[in-house]
Structures are given as structure tokens and as C-alpha cells.
Number of protein chains: 4
Amino acid sequence: MHEQLKEKVLEANLALVKHKLVIFTWGNASEMDPETGHIVIKPSGVAYERMTAGDMLVLDGDGNQIEGKLKPSSDAPTHVALYKQFKGIGGVVHTHSEWATSWAQAGLPLPPFGTTHADYFYGAVPCARPLTKEEVEGDYELNTGNVIVETFSGLDHLAIPGVLVHGHGPFTWGKDGADAVHNSVVLEEVAKMAFRNRVLGKQEPIEQFLLDKHYQRKHGDNSYYGQA
Amino acid sequence: MHEQLKEKVLEANLALVKHKLVIFTWGNASEMDPETGHIVIKPSGVAYERMTAGDMLVLDGDGNQIEGKLKPSSDAPTHVALYKQFKGIGGVVHTHSEWATSWAQAGLPLPPFGTTHADYFYGAVPCARPLTKEEVEGDYELNTGNVIVETFSGLDHLAIPGVLVHGHGPFTWGKDGADAVHNSVVLEEVAKMAFRNRVLGKQEPIEQFLLDKHYQRKHGDNSYYGQA
Amino acid sequence: MHEQLKEKVLEANLALVKHKLVIFTWGNASEMDPETGHIVIKPSGVAYERMTAGDMLVLDGDGNQIEGKLKPSSDAPTHVALYKQFKGIGGVVHTHSEWATSWAQAGLPLPPFGTTHADYFYGAVPCARPLTKEEVEGDYELNTGNVIVETFSGLDHLAIPGVLVHGHGPFTWGKDGADAVHNSVVLEEVAKMAFRNRVLGKQEPIEQFLLDKHYQRKHGDNSYYGQA
Amino acid sequence: MHEQLKEKVLEANLALVKHKLVIFTWGNASEMDPETGHIVIKPSGVAYERMTAGDMLVLDGDGNQIEGKLKPSSDAPTHVALYKQFKGIGGVVHTHSEWATSWAQAGLPLPPFGTTHADYFYGAVPCARPLTKEEVEGDYELNTGNVIVETFSGLDHLAIPGVLVHGHGPFTWGKDGADAVHNSVVLEEVAKMAFRNRVLGKQEPIEQFLLDKHYQRKHGDNSYYGQA
């Protein structure tokens with residue numbers, strides 16, 4: 001089932017390693033099949049070098065495992081929560097990438113300090129509130145997903161395709177797994193530059209009209225970046 | 001038309017990736033044919049791995065596309081503005097390279113803190129003023145070029161072959177595309193070291209006579225660096 | 001004697017280079033044979049590129065060399081002291097890796113600023129007290145080991161498998177040499193992110209319940225990370 | 001003449017690139033023939049990728065070129081000044097390596113913040129005083145060498161085999177070219193970690209007895225690091 005999608009999900013996971021966003025088994029990428037709503041995700045704790053497409057697991061839209069012998073990524077319930085509540089997304093990625101995680105650990109949102117950020121994220125990348133003791137000790141990974149969704153109340157999750165989980169690390173999403181990986185790479189790059197901006201004394205984000213211009217140059221009806 | 005120049009421009013663009021100044025499609029290099037004044041530039045949003053010399057576009061000196069099926073880089077009007085107004089340049093490069101962009105986002109000029117800087121840039125690399133709302137919402141890329149040119153009023157653009165565009169990133173130029181790439185690499189290196197100097201508490205640039213010595217060791221009639 | 005173990009120890013040492021924790025000869029990994037209590041360790045000052053399994057030395061549990069022509073790593077007495085006093089460990093690693101060493105040189109413990117830390121180290125990685133003049137001028141490497149052990153009085157060395165030696169660098173341990181290497185890689189990664197957290201103004205570690213959750217997700221009877 | 005030495009000097013120069021201490025043509029390594037006192041050095045401004053052993057130049061002990069068609073490195077007079085006045089050295093290296101140069105640009109000596117430093121440099125690596133206007137406008141490269149020598153008045157140049165030239169970058173030396181390269185790599189590594197120590201608030205160097213111990217563990221009659 002979903003053999004082609006498993007190949008794509010494997011590739012997305014390997015791309016995390018290639019882009020140096022993941023060491024050991026510290027990350028996971030998934031993708032949802034748009035027709036069935038099934039989610040294909042990597043197994044938990046399996047080394048990327050040994051992982052094959054056949055190791056990928058299939059979950060239904062509620063997170064029940066419907067194919068595969070291995071256990072899915074322990075973060076699977078977070079992925080499922082996002083697919084369920086964030087309309088229009090088709091891929092989710094979680095990493096402990098060094099720069100985005102530094103901001104997540106600091107508990108700080110990532111301000112739009114430049115046009116690189118604005119090209120992909122239409123505003124600050126928010127940092128979710130810390131989970132409570134009850135949320136951590138209860139259904140931790142599901143609650144993580146729910147707190148992410150709560151964070152986007154009043155925000156457009158398609159225009160800001162990423163979040164920093166407090167004390168933990170980033171999640172990103174996109175139209176498919178590869179797109180979510182792409183957003184993780186961008187998030188890492190802007191997190192790195194924003195860190196240096198803080199050190200250089202910068203506090204204020206770029207002007208709203210510059211943010212608008214760059215975001216809209218790449219997104220929406222009047223976009224004119226790239227080929228047709 | 002300009003087949004050899006297209007090869008050179010492709011190579012200049014690929015050199016940006018090789019020198020780790022560009023990820024994804026975040027940069028562009030162009031070169032001007034000195035006889036016709038035509039400008040060869042890369043297409044917009046095409047992955048560097050797939051780009052061929054045949055994908056390069058030809059613009060006339062006013063920026064009208066005179067050859068090529070693809071759309072040129074969205075930053076093409078900035079390139080054209082620079083070629084038009086900066087006498088003696090033959091190549092232009094734009095990147096979002098991580099260190100120079102950090103300074104650009106901070107809105108700070110890059111002071112000449114050492115002889116490495118002085119070997120290539122005869123004074124601080126200026127940070128352009130922010131574009132106004134009207135400039136951003138109007139002919140944005142053209143206005144970016146014009147603000148760069150405005151920044152060099154009173155400065156020698158041949159002796160300081162680069163600029164930081166406020167909130168955005170660096171542009172560099174040179175006698176051809178490869179030279180502009182070279183200057184981008186240098187700018188990145190000195191931006192990195194200047195950042196650390198700021199952290200170590202340094203405020204003052206090097207003495208003017210040391211700046212003179214190093215710049216003139218490599219440039220002008222009395223230069224004595226390199227082979228004849 | 002212990003030919004297979006020598007291969008494993010060689011591999012563990014080479015893994016330090018691969019993970020960029022060691023340049024030149026600045027590190028050493030060892031492993032203990034659980035049946036005999038013999039310790040296999042690399043030779044002192046031999047280039048990693050030329051090192052073979054046959055170059056590995058065998059020491060008895062008191063550090064007496066019982067096989068091999070070369071001199072063992074000068075840090076061997078520290079390894080021996082750890083094997084003797086830390087029950088349940090089977091591998092030891094010492095490096096001058098750049099981030100953990102920066103913290104060791106600063107004389108600061110590494111606080112658990114995020115879940116990446118909590119996944120492997122169940123609390124702050126302590127910084128040992130400075131050795132006294134007498135300890136340095138006496139049996140220096142043995143005293144280094146003893147001061148590490150002293151540091152863990154009241155701490156569980158299996159739940160916090162690493163330490164920062166004051167003014168020097170990190171030691172880590174684990175169930176075997178490969179596991180100790182793994183912990184060195186993790187320590188380096190969390191030291192890097194914790195440095196940035198300090199710069200971003202963070203002072204407080206993560207909540208105890210989040211530390212508990214992540215550590216226990218990977219360790220102990222109720223762990224559920226990875227494949228059974 | 002000195003064909004074997006030319007090979008060694010070429011290799012030393014290429015090692016600077018391999019260790020990422022040099023980009024473009026920003027560095028130079030030389031070695032002195034102990035019998036004749038001749039100095040073999042790389043040419044000025046020639047790309048490392050194209051450089052061959054046959055491109056190396058031979059200078060006599062006063063810096064007069066006695067073999068080779070190309071012009072020697074513009075820093076050759078600094079090398080000559082060091083060979084002349086620093087007894088017992090056989091190799092010299094100059095780079096603009098990013099961390100050591102950051103300290104040189106800041107005009108700060110590099111304090112011995114840890115045992116990695118102490119293993120190679122028996123005390124702070126000094127920063128030379130700035131050259132005067134007259135020294136810069138006169139025989140600049142020779143004066144650079146003389147100011148380095150002046151810096152070591154009262155210091156043992158064999159025990160501290162490197163210096164930071166104010167506003168410029170590091171020079172290191174050693175028993176031959178390869179040894180000088182080795183010291184450049186170490187200087188870079190300790191400069192990087194010392195920078196982070198400053199950020200973490202560290203001010204004081206390690207204790208003298210720890211400095212003594214580590215330096216003497218690797219140097220002198222009672223050294224016991226490495227194989228006999």
C-alpha cells in the first residue's frame with residue numbers, strides 16, 4: 001500500500017540528513033496521501049543509513065497503524081494532530097536542527113529580521129507555550145500537537161508553515177514531505193541569521209510592507225518569482 | 001547569441017553554490033558583454049543542479065529580454081540598474097549568504113576591521129538606506145538598484161565593489177561575473193570576522209594608512225601583489 | 001588477545017574523527033572486556049590515519065599493560081580510574097571537542113536547556129572542580145579520574161554519562177566504546193545549543209517533569225522510543 | 001636546487017587549504033634548508049590548485065631570490081626576518097584563518113584558557129603592537145617581521161610558536177614547514193574556543209601549574225606524551 005509514497009517519505013527523511021538538520025535518529029518526516037488521508041511515517045529509532053522504503057509505516061487519519069511491522073516514530077501523534085487540524089497540509093517534519101532548536105530552547109519566537117524570512121514565513125515563527133505538567137505526563141506527543149494548533153489560533157498556518165516547540169525543537173509542514181523539508185531548511189537558515197542579529201543588537205522586525213512584498217513575490221495570485 | 005558568455009555565467013552561478021554562498025535558488029550572477037552591452041543572467045527559481053548554459057537569458061542594456069524562453073531572475077532589474085549606472089563593471093552577484101546577510105538584516109555597514117577587508121574593499125562596505133513604502137510597492141527591484149547607486153554617491157564603486165541592501169542581503173560586482181563572485185566570497189569572510197570583532201568589543205576600523213597600504217598593495221599602479 | 005575488541009576500539013576511535021570531535025591525536029576511546037575486566041585502549045600520539053587494530057594496547061583492571069609494544073594513551077590512568085569506580089560502564093571516551101571543551105574551559109556545568117539534552121543526560125552535565133597543584137603535579141591522570149568520580153558523589157553516573165573536566169575537556173562513558181562515542185557526539189551538540197541559549201539570555205533549565213518525560217521515554221522500564 | 005624541499009613546501013601550502021585555514025591565495029608556508037640557510041617559499045598570488053613544486057622559489061638567507069621565475073609571496077620579507085632572528089626555527093606559516101584573524105583584528109592576545117592551548121603554546125599567544133605609519137609606508141613586510149621579533153623580547157619563541165599581527169592575522173613557526181602548519185591549526189582551534197570562553201564570561205587563564213604540566217607533558221626532557 002502506498003509504495004510510491006513510502007519512497008517519497010524515505011527520501012524526505014534522508015534529505016533531512018543531507019541538509020544536516022538531523023544526526024542519529026533525531027528527526028522524522030511524514031506525508032499524507034490526499035485521497036485516503038493515510039499518513040506514511042518513518043519508524044522510531046532506526047538508523048537513517050539502514051532505513052528502506054519498506055520500513056515506512058502507514059497510519060490512518062486517527063493515527064492507528066494499518067501497515068508495517070515496526071513501531072512508528074514516537075512523534076507520530078504530533079504529526080497526526082497536525083494533519084487533522086491544519087487544513088491543506090500534506091507533509092510534516094520534526095527535527096532537532098541546531099539553530100531552530102536553540103531558539104526553541106530559549107523559548108523565543110523567531111522574528112522576521114529580513115527578506116529571506118519573509119520569502120517563506122509571513123510573520124514571526126511562533127514559539128508555542130510550554131506544556132503543563134499534566135500535558136507532559138499525559139498524552140505527551142498528542143498534546144504537543146494540540147499546543148501547536150493552539151499557537152496558531154489567529155494565525156494562518158499555511159502562511160507560516162512552522163513552529164518552535166518550547167524547550168524542544170521545530171516542526172514544519174508543507175504541501176508534501178519534500179516541501180516540509182524545504183521549510184525546515186529555510187527555518188534553520190533564518191534562525192541562524194536572526195541569532196546573529198540579536199548579537200548585533202537588532203530588535204525590530206522588517207517593515208510590514210517589505211514583509212508583504214517578499215511574501216507576495218513568491219506566494220499568491222500576484223507572485224512573480226520562479227517560472228510560471 | 002553569446003554562447004561563451006552563457007557558459008561563464010552558468011559557471012559563476014555554480015561557483016556561488018560551491019563557495020556555500022547560496023542554497024536552493026537564493027542567488028544570482030550575471031555578466032555584461034562589453035561590446036554589445038547585453039546582459040546574460042540566470043533564470044528565476046530554477047534549481048542550480050538542473051541549470052544549463054542554454055537556460056541563461058539575454059537582456060539588452062535596458063533590461064528587455066532579447067533571448068531565452070525562461071523568465072530571468074526576479075532581481076534582474078537591480079542588475080540592469082547597476083550596469084547602467086556603475087561605469088566599468090562587467091559582473092554582478094546577489095546572494096543571501098549567511099554572514100553578509102546578517103549584517104544587512106542588522107542594517108549596519110561593515111567596517112574595515114582588518115587587512116583582509118582592506119585587500120579588497122577600500123573602506124567600509126556601506127549598508128543602503130531602507131527603501132520607502134513607495135519604493136517597495138512600486139518598481140521594487142529597480143528601486144533597489146537605484147538606492148544602491150544613491151548609496152555610492154561620494155564613494156568609488158570600483159574601490160568598494162559591494163553593498164549591503166538593508167534588511168535583505170549583499171550585492172557585489174566586479175570586472176566580470178567570476179570577479180563579482182570572488183568579491184562575494186571575500187565579503188562573506190570579512191563579515192564573519194567583523195561579527196566576532198564586534199563580540200570581542202572592537203569598534204574602531206584599522207588606521208587609514210594601513211588600509212591604504214593593503215588596498216594599494218593589490219590595486220593600482222604601484223601594486224606589487226601577485227605575478228606582474 | 002581480544003582481537004575483536006581491538007577492532008571495536010579502533011572503530012570507536014575512528015568514529016571520533018568521523019564525527020569531527022577529534023583533530024590530530026586529541027582524543028581516545030577505550031572499551032573494557034566484561035569477562036576479564038581487561039581494558040583495550042589506543043596508543044599515545046599515533047595518527048588516526050595510520051592506526052591499526054594491532055596497535056591497540058591491553059591493560060589489566062589496574063592499568064598494567066599486559067599486551068602491545070606501543071605506549072598507551074597518556075590518559076589511560078583516567079580511563080582505568082573510571083572503569084574501576086563507575087559500576088556498569090564498558091566504554092570511555094575523552095576528546096577536546098570544540099563546544100564541550102569551551103564549556104569545560106569556562107568551568108561551567110552544562111544545564112539541561114532542552115529535550116535533546118534530556119533524551120541522554122538526566123540533569124546538568126557537571127563540571128569537575130579544578131585539580132589542586134598537588135593533584136596536577138602528582139599522579140595527574142589518575143587524579144583526573146578520581147576528581148571525576150568525586151564529582152559524581154550524589155549523582156548517578158549511568159543517568160549522566162559524561163563530565164566536563166575543568167580547564168581541559170569532556171569525558172563520556174557508556175555500555176561500550178561505541179556508546180561512549182555516541183554520548184560524546186550528543187554532549188557536543190547540546191553544548192553548542194546551550195552556548196547559544198546563554199547568548200540569547202536563557203538561564204533556567206527545562207522543567208523537571210519535561211526532563212523526566214524525555215529521559216524516561218528513552219530509558220528504563222517504561223521507555224517507548226525505538227524498536228522494542 | 002632543493003627539489004625535495006620544494007615538494008615539502010608545496011605540501012605544507014596545500015595542507016593549509018586542506019585544514020581550511022586558507023581560501024584563494026591568502027596564506028603562505030615556507031621552509032629553510034638547515035645546511036645552506038636557503039628559504040623555499042611559494043609564489044605570490046598563484047592559485048593553490050595550479051601550484052606545482054616547480055613554482056616554489058628559493059631565497060638566500062637575506063631574502064635575495066636565487067632561483068625561480070615567479071615572484072615570491074609578498075610576505076617573504078616577513079618570513080626572512082623571522083628565520084634570521086628566531087634561532088632554531090625551520091618553517092614559517094602565515095594565514096588569514098578566520099578565528100586567529102578575528103583575535104588579531106581585535107588587537108587582543110590569546111589567553112591560555114585551557115589545556116589544549118597549554119599542550120602547544122606555553123603562555124598567551126601575544127598580539128604584536130600596531131605598526132606605525134612610518135613602518136607601514138616603509139619596508140612594510142620587513143617591518144612586520146621586526147615587530148614580531150620585538151614582541152618576543154622576553155618571551156621564548158620556541159615555547160610560543162605563534163603571534164597575532166595587529167589588524168592583520170597570525171604567523172606561526174616550527175621546526176619545519178609541516179610543524180608550522182600544525183601550529184597554525186592548533187592556534188585556530190584554541191582561538192575558536194577562547195572566543196566562546198569570552199562570550200561565556202571567562203577572563204582568567206588556567207593556573208600556571210596546569211599550564212606547566214600540559215606543556216611539559218609534550219615538550220622537554222620529562223615529556224611522556226606520544227611514542228618515545
# chains A, B, ... in the order shown; residues from 1 in each chain; ligands from 1
call {"tool": "residues_around", "arguments": {"residues": "region 25-40 of chain B", "least_positions_apart": "3", "cutoff": "6 Å", "atoms": "only C-alpha atoms", "output": "VMD selection string"}}
result
chain B and resid 9 13 22 45 47 57 to 61 90 to 95 176 to 177
call {"tool": "write_last_selection", "arguments": {"atoms": "C-alpha atoms", "output": "CSV table (one decimal), in the first residue's frame"}}
result
chain,number,residue,atom,x,y,z
B,9,VAL,CA,27.5,33.0,-16.3
B,13,ASN,CA,26.3,30.9,-10.6
B,22,VAL,CA,23.8,30.1,-1.9
B,45,GLY,CA,13.8,29.9,-9.4
B,47,ALA,CA,17.4,24.6,-9.3
B,57,LEU,CA,18.8,34.6,-20.6
B,58,VAL,CA,20.0,37.6,-22.6
B,59,LEU,CA,18.8,41.1,-21.8
B,60,ASP,CA,19.6,44.3,-23.6
B,61,GLY,CA,21.1,47.2,-21.7
B,90,GLY,CA,31.1,43.8,-16.0
B,91,GLY,CA,29.6,41.4,-13.5
B,92,VAL,CA,27.0,41.5,-10.7
B,93,VAL,CA,26.2,39.0,-8.0
B,94,HIS,CA,23.4,38.8,-5.4
B,95,THR,CA,23.2,36.3,-2.6
B,176,ASP,CA,33.2,40.1,-14.8
B,177,GLY,CA,30.9,37.5,-13.2
call {"tool": "interface_residues", "arguments": {"of": "chain C", "to": "chain D", "cutoff": "7 Å", "atoms": "only C-alpha atoms", "output": "CSV table (one decimal) with N, CA, C and O atoms, in the first residue's frame"}}
result
chain,number,residue,atom,x,y,z
C,44,SER,N,49.4,6.2,22.4
C,44,SER,CA,49.6,7.6,22.6
C,44,SER,C,50.2,8.3,21.4
C,44,SER,O,51.1,7.8,20.8
C,45,GLY,N,49.6,9.4,20.9
C,45,GLY,CA,50.2,10.2,19.9
C,45,GLY,C,50.4,9.6,18.6
C,45,GLY,O,51.2,10.0,17.8
C,46,VAL,N,49.6,8.5,18.2
C,46,VAL,CA,49.7,7.9,16.9
C,46,VAL,C,48.6,8.5,16.0
C,46,VAL,O,47.5,8.6,16.4
C,70,LEU,N,53.4,-0.6,21.9
C,70,LEU,CA,53.4,0.9,22.0
C,70,LEU,C,52.9,1.3,23.4
C,70,LEU,O,52.4,0.5,24.2
C,71,LYS,N,53.2,2.6,23.7
C,71,LYS,CA,52.7,3.1,25.0
C,71,LYS,C,51.2,3.5,24.8
C,71,LYS,O,50.8,4.0,23.8
C,74,SER,N,48.2,8.6,27.0
C,74,SER,CA,48.7,9.2,28.3
C,74,SER,C,47.5,9.4,29.3
C,74,SER,O,47.7,9.5,30.5
C,98,GLU,N,35.2,20.8,20.3
C,98,GLU,CA,35.2,22.3,20.4
C,98,GLU,C,34.2,22.9,21.3
C,98,GLU,O,34.5,23.9,22.0
C,102,SER,N,34.8,24.1,25.2
C,102,SER,CA,34.6,25.6,25.5
C,102,SER,C,33.9,25.7,26.9
C,102,SER,O,34.2,26.6,27.7
C,105,GLN,N,36.5,24.7,29.6
C,105,GLN,CA,37.4,25.8,29.8
C,105,GLN,C,36.8,26.9,30.6
C,105,GLN,O,37.5,27.6,31.4
C,106,ALA,N,35.5,27.2,30.4
C,106,ALA,CA,34.8,28.2,31.1
C,106,ALA,C,34.5,27.8,32.6
C,106,ALA,O,34.2,28.6,33.4
C,133,LYS,N,47.2,22.0,42.9
C,133,LYS,CA,48.6,22.0,42.4
C,133,LYS,C,49.1,20.6,42.7
C,133,LYS,O,49.8,20.0,41.9
C,136,VAL,N,47.8,18.0,40.3
C,136,VAL,CA,48.3,18.2,38.9
C,136,VAL,C,49.8,17.7,38.9
C,136,VAL,O,50.2,17.0,38.0
C,137,GLU,N,50.5,18.1,39.9
C,137,GLU,CA,52.0,17.7,39.9
C,137,GLU,C,52.2,16.3,40.3
C,137,GLU,O,53.3,15.7,40.1
C,167,GLY,N,38.9,23.3,32.8
C,167,GLY,CA,40.0,23.8,32.1
C,167,GLY,C,40.6,22.8,31.0
C,167,GLY,O,41.6,23.1,30.4
C,168,HIS,N,39.9,21.7,30.8
C,168,HIS,CA,40.5,20.7,30.0
C,168,HIS,C,39.5,20.2,28.9
C,168,HIS,O,39.7,20.7,27.7
call {"tool": "select_by_dssp", "arguments": {"residues": "region 128-219 of chain B", "states": "strand (DSSP E)", "output": "VMD selection string"}}
result
chain B and resid 162 to 165 169 to 174
call {"tool": "write_last_selection", "arguments": {"atoms": "C-alpha atoms", "output": "tab-separated table (two decimals), in the first residue's frame"}}
result
chain	number	residue	atom	x	y	z
B	162	GLY	CA	29.86	45.63	-2.80
B	163	VAL	CA	26.94	46.82	-0.73
B	164	LEU	CA	24.54	45.54	1.91
B	165	VAL	CA	20.90	46.04	0.96
B	169	GLY	CA	21.38	40.90	1.64
B	170	PRO	CA	24.56	41.71	-0.28
B	171	PHE	CA	25.21	42.68	-3.87
B	172	THR	CA	28.75	42.64	-5.22
B	173	TRP	CA	30.21	43.48	-8.60
B	174	GLY	CA	33.49	43.23	-10.47
call {"tool": "residues_around", "arguments": {"residues": "Gln216 (chain D)", "least_positions_apart": "5", "cutoff": "8 Å", "atoms": "only C-alpha atoms", "output": "mmCIF file with N, CA and C atoms, in the first residue's frame"}}
result
data_model
loop_
_atom_site.group_PDB
_atom_site.id
_atom_site.type_symbol
_atom_site.label_atom_id
_atom_site.label_comp_id
_atom_site.auth_asym_id
_atom_site.auth_seq_id
_atom_site.Cartn_x
_atom_site.Cartn_y
_atom_site.Cartn_z
ATOM 1 N N ASP D 119 49.057 22.599 25.684
ATOM 2 C CA ASP D 119 49.773 21.493 25.048
ATOM 3 C C ASP D 119 50.748 21.994 23.975
ATOM 4 N N ASN D 222 61.264 15.672 30.296
ATOM 5 C CA ASN D 222 60.354 14.817 31.043
ATOM 6 C C ASN D 222 59.023 14.576 30.339
ATOM 7 N N SER D 223 58.965 14.883 29.054
ATOM 8 C CA SER D 223 57.722 14.685 28.323
ATOM 9 C C SER D 223 57.403 13.202 28.272
#
call {"tool": "select_by_dssp", "arguments": {"residues": "region 21-218 of chain B", "states": "alpha helix (DSSP H)", "output": "ChimeraX atom specification"}}
result
/B:76-85,98-106,115-118,133-137,140-151,177-199,208-218
call {"tool": "decode", "arguments": {"residues": "region 56-85 of chain C", "atoms": "N, CA, C and O atoms", "output": "mmCIF file, in the first residue's frame"}}
result
data_model
loop_
_atom_site.group_PDB
_atom_site.id
_atom_site.type_symbol
_atom_site.label_atom_id
_atom_site.label_comp_id
_atom_site.auth_asym_id
_atom_site.auth_seq_id
_atom_site.Cartn_x
_atom_site.Cartn_y
_atom_site.Cartn_z
ATOM 1 N N MET C 56 46.383 -1.386 19.095
ATOM 2 C CA MET C 56 45.669 -1.200 20.361
ATOM 3 C C MET C 56 46.400 -1.937 21.488
ATOM 4 O O MET C 56 46.992 -2.989 21.274
ATOM 5 N N LEU C 57 46.330 -1.362 22.668
ATOM 6 C CA LEU C 57 47.018 -1.940 23.822
ATOM 7 C C LEU C 57 46.010 -2.590 24.762
ATOM 8 O O LEU C 57 44.859 -2.170 24.807
ATOM 9 N N VAL C 58 46.473 -3.578 25.512
ATOM 10 C CA VAL C 58 45.619 -4.215 26.515
ATOM 11 C C VAL C 58 46.182 -3.937 27.907
ATOM 12 O O VAL C 58 47.378 -4.146 28.153
ATOM 13 N N LEU C 59 45.328 -3.446 28.770
ATOM 14 C CA LEU C 59 45.703 -3.185 30.162
ATOM 15 C C LEU C 59 44.857 -4.086 31.061
ATOM 16 O O LEU C 59 43.734 -4.431 30.715
ATOM 17 N N ASP C 60 45.401 -4.430 32.215
ATOM 18 C CA ASP C 60 44.533 -5.130 33.169
ATOM 19 C C ASP C 60 43.721 -4.098 33.945
ATOM 20 O O ASP C 60 43.865 -2.884 33.735
ATOM 21 N N GLY C 61 42.897 -4.567 34.835
ATOM 22 C CA GLY C 61 41.959 -3.684 35.517
ATOM 23 C C GLY C 61 42.631 -2.647 36.410
ATOM 24 O O GLY C 61 41.997 -1.671 36.836
ATOM 25 N N ASP C 62 43.925 -2.854 36.692
ATOM 26 C CA ASP C 62 44.659 -1.862 37.477
ATOM 27 C C ASP C 62 45.502 -0.947 36.592
ATOM 28 O O ASP C 62 46.271 -0.122 37.092
ATOM 29 N N GLY C 63 45.401 -1.131 35.269
ATOM 30 C CA GLY C 63 46.113 -0.252 34.359
ATOM 31 C C GLY C 63 47.492 -0.760 33.958
ATOM 32 O O GLY C 63 48.226 -0.076 33.252
ATOM 33 N N ASN C 64 47.850 -1.967 34.413
ATOM 34 C CA ASN C 64 49.137 -2.524 33.983
ATOM 35 C C ASN C 64 49.025 -3.010 32.548
ATOM 36 O O ASN C 64 48.069 -3.709 32.200
ATOM 37 N N GLN C 65 50.019 -2.659 31.739
ATOM 38 C CA GLN C 65 49.973 -3.056 30.336
ATOM 39 C C GLN C 65 50.306 -4.534 30.216
ATOM 40 O O GLN C 65 51.372 -4.977 30.630
ATOM 41 N N ILE C 66 49.395 -5.304 29.637
ATOM 42 C CA ILE C 66 49.663 -6.738 29.538
ATOM 43 C C ILE C 66 49.825 -7.190 28.092
ATOM 44 O O ILE C 66 50.114 -8.342 27.834
ATOM 45 N N GLU C 67 49.643 -6.266 27.141
ATOM 46 C CA GLU C 67 49.925 -6.616 25.742
ATOM 47 C C GLU C 67 50.138 -5.354 24.926
ATOM 48 O O GLU C 67 49.507 -4.332 25.188
ATOM 49 N N GLY C 68 50.993 -5.460 23.907
ATOM 50 C CA GLY C 68 51.207 -4.344 22.992
ATOM 51 C C GLY C 68 52.559 -3.694 23.186
ATOM 52 O O GLY C 68 53.056 -3.567 24.297
ATOM 53 N N LYS C 69 53.156 -3.283 22.054
ATOM 54 C CA LYS C 69 54.503 -2.708 22.120
ATOM 55 C C LYS C 69 54.472 -1.209 22.360
ATOM 56 O O LYS C 69 55.395 -0.635 22.922
ATOM 57 N N LEU C 70 53.409 -0.560 21.879
ATOM 58 C CA LEU C 70 53.360 0.902 21.989
ATOM 59 C C LEU C 70 52.947 1.319 23.392
ATOM 60 O O LEU C 70 52.431 0.514 24.167
ATOM 61 N N LYS C 71 53.206 2.590 23.709
ATOM 62 C CA LYS C 71 52.731 3.148 24.973
ATOM 63 C C LYS C 71 51.246 3.500 24.845
ATOM 64 O O LYS C 71 50.826 4.024 23.820
ATOM 65 N N PRO C 72 50.455 3.221 25.854
ATOM 66 C CA PRO C 72 49.026 3.563 25.765
ATOM 67 C C PRO C 72 48.821 5.077 25.845
ATOM 68 O O PRO C 72 49.725 5.813 26.256
ATOM 69 N N SER C 73 47.654 5.516 25.469
ATOM 70 C CA SER C 73 47.259 6.912 25.615
ATOM 71 C C SER C 73 47.676 7.432 26.981
ATOM 72 O O SER C 73 47.514 6.743 27.988
ATOM 73 N N SER C 74 48.221 8.644 27.015
ATOM 74 C CA SER C 74 48.652 9.194 28.300
ATOM 75 C C SER C 74 47.477 9.361 29.253
ATOM 76 O O SER C 74 47.656 9.467 30.459
ATOM 77 N N ASP C 75 46.254 9.371 28.721
ATOM 78 C CA ASP C 75 45.069 9.495 29.577
ATOM 79 C C ASP C 75 44.581 8.146 30.098
ATOM 80 O O ASP C 75 43.537 8.086 30.764
ATOM 81 N N ALA C 76 45.308 7.076 29.822
ATOM 82 C CA ALA C 76 44.862 5.741 30.223
ATOM 83 C C ALA C 76 44.537 5.656 31.720
ATOM 84 O O ALA C 76 43.509 5.059 32.089
ATOM 85 N N PRO C 77 45.351 6.240 32.603
ATOM 86 C CA PRO C 77 45.017 6.131 34.038
ATOM 87 C C PRO C 77 43.660 6.737 34.389
ATOM 88 O O PRO C 77 43.002 6.282 35.330
ATOM 89 N N THR C 78 43.229 7.754 33.625
ATOM 90 C CA THR C 78 41.888 8.309 33.858
ATOM 91 C C THR C 78 40.834 7.278 33.471
ATOM 92 O O THR C 78 39.871 7.034 34.216
ATOM 93 N N HIS C 79 41.020 6.647 32.307
ATOM 94 C CA HIS C 79 40.088 5.602 31.880
ATOM 95 C C HIS C 79 40.005 4.502 32.944
ATOM 96 O O HIS C 79 38.913 4.077 33.334
ATOM 97 N N VAL C 80 41.155 4.042 33.396
ATOM 98 C CA VAL C 80 41.188 2.945 34.371
ATOM 99 C C VAL C 80 40.442 3.333 35.647
ATOM 100 O O VAL C 80 39.638 2.549 36.179
ATOM 101 N N ALA C 81 40.685 4.552 36.103
ATOM 102 C CA ALA C 81 40.009 5.016 37.323
ATOM 103 C C ALA C 81 38.494 5.000 37.152
ATOM 104 O O ALA C 81 37.746 4.653 38.082
ATOM 105 N N LEU C 82 38.031 5.350 35.959
ATOM 106 C CA LEU C 82 36.582 5.363 35.726
ATOM 107 C C LEU C 82 36.013 3.947 35.684
ATOM 108 O O LEU C 82 34.979 3.653 36.295
ATOM 109 N N TYR C 83 36.690 3.050 34.961
ATOM 110 C CA TYR C 83 36.199 1.668 34.901
ATOM 111 C C TYR C 83 36.116 1.054 36.305
ATOM 112 O O TYR C 83 35.197 0.300 36.628
ATOM 113 N N LYS C 84 37.117 1.380 37.119
ATOM 114 C CA LYS C 84 37.179 0.793 38.466
ATOM 115 C C LYS C 84 36.048 1.265 39.364
ATOM 116 O O LYS C 84 35.515 0.508 40.157
ATOM 117 N N GLN C 85 35.701 2.545 39.226
ATOM 118 C CA GLN C 85 34.815 3.143 40.220
ATOM 119 C C GLN C 85 33.392 3.393 39.711
ATOM 120 O O GLN C 85 32.494 3.641 40.508
#
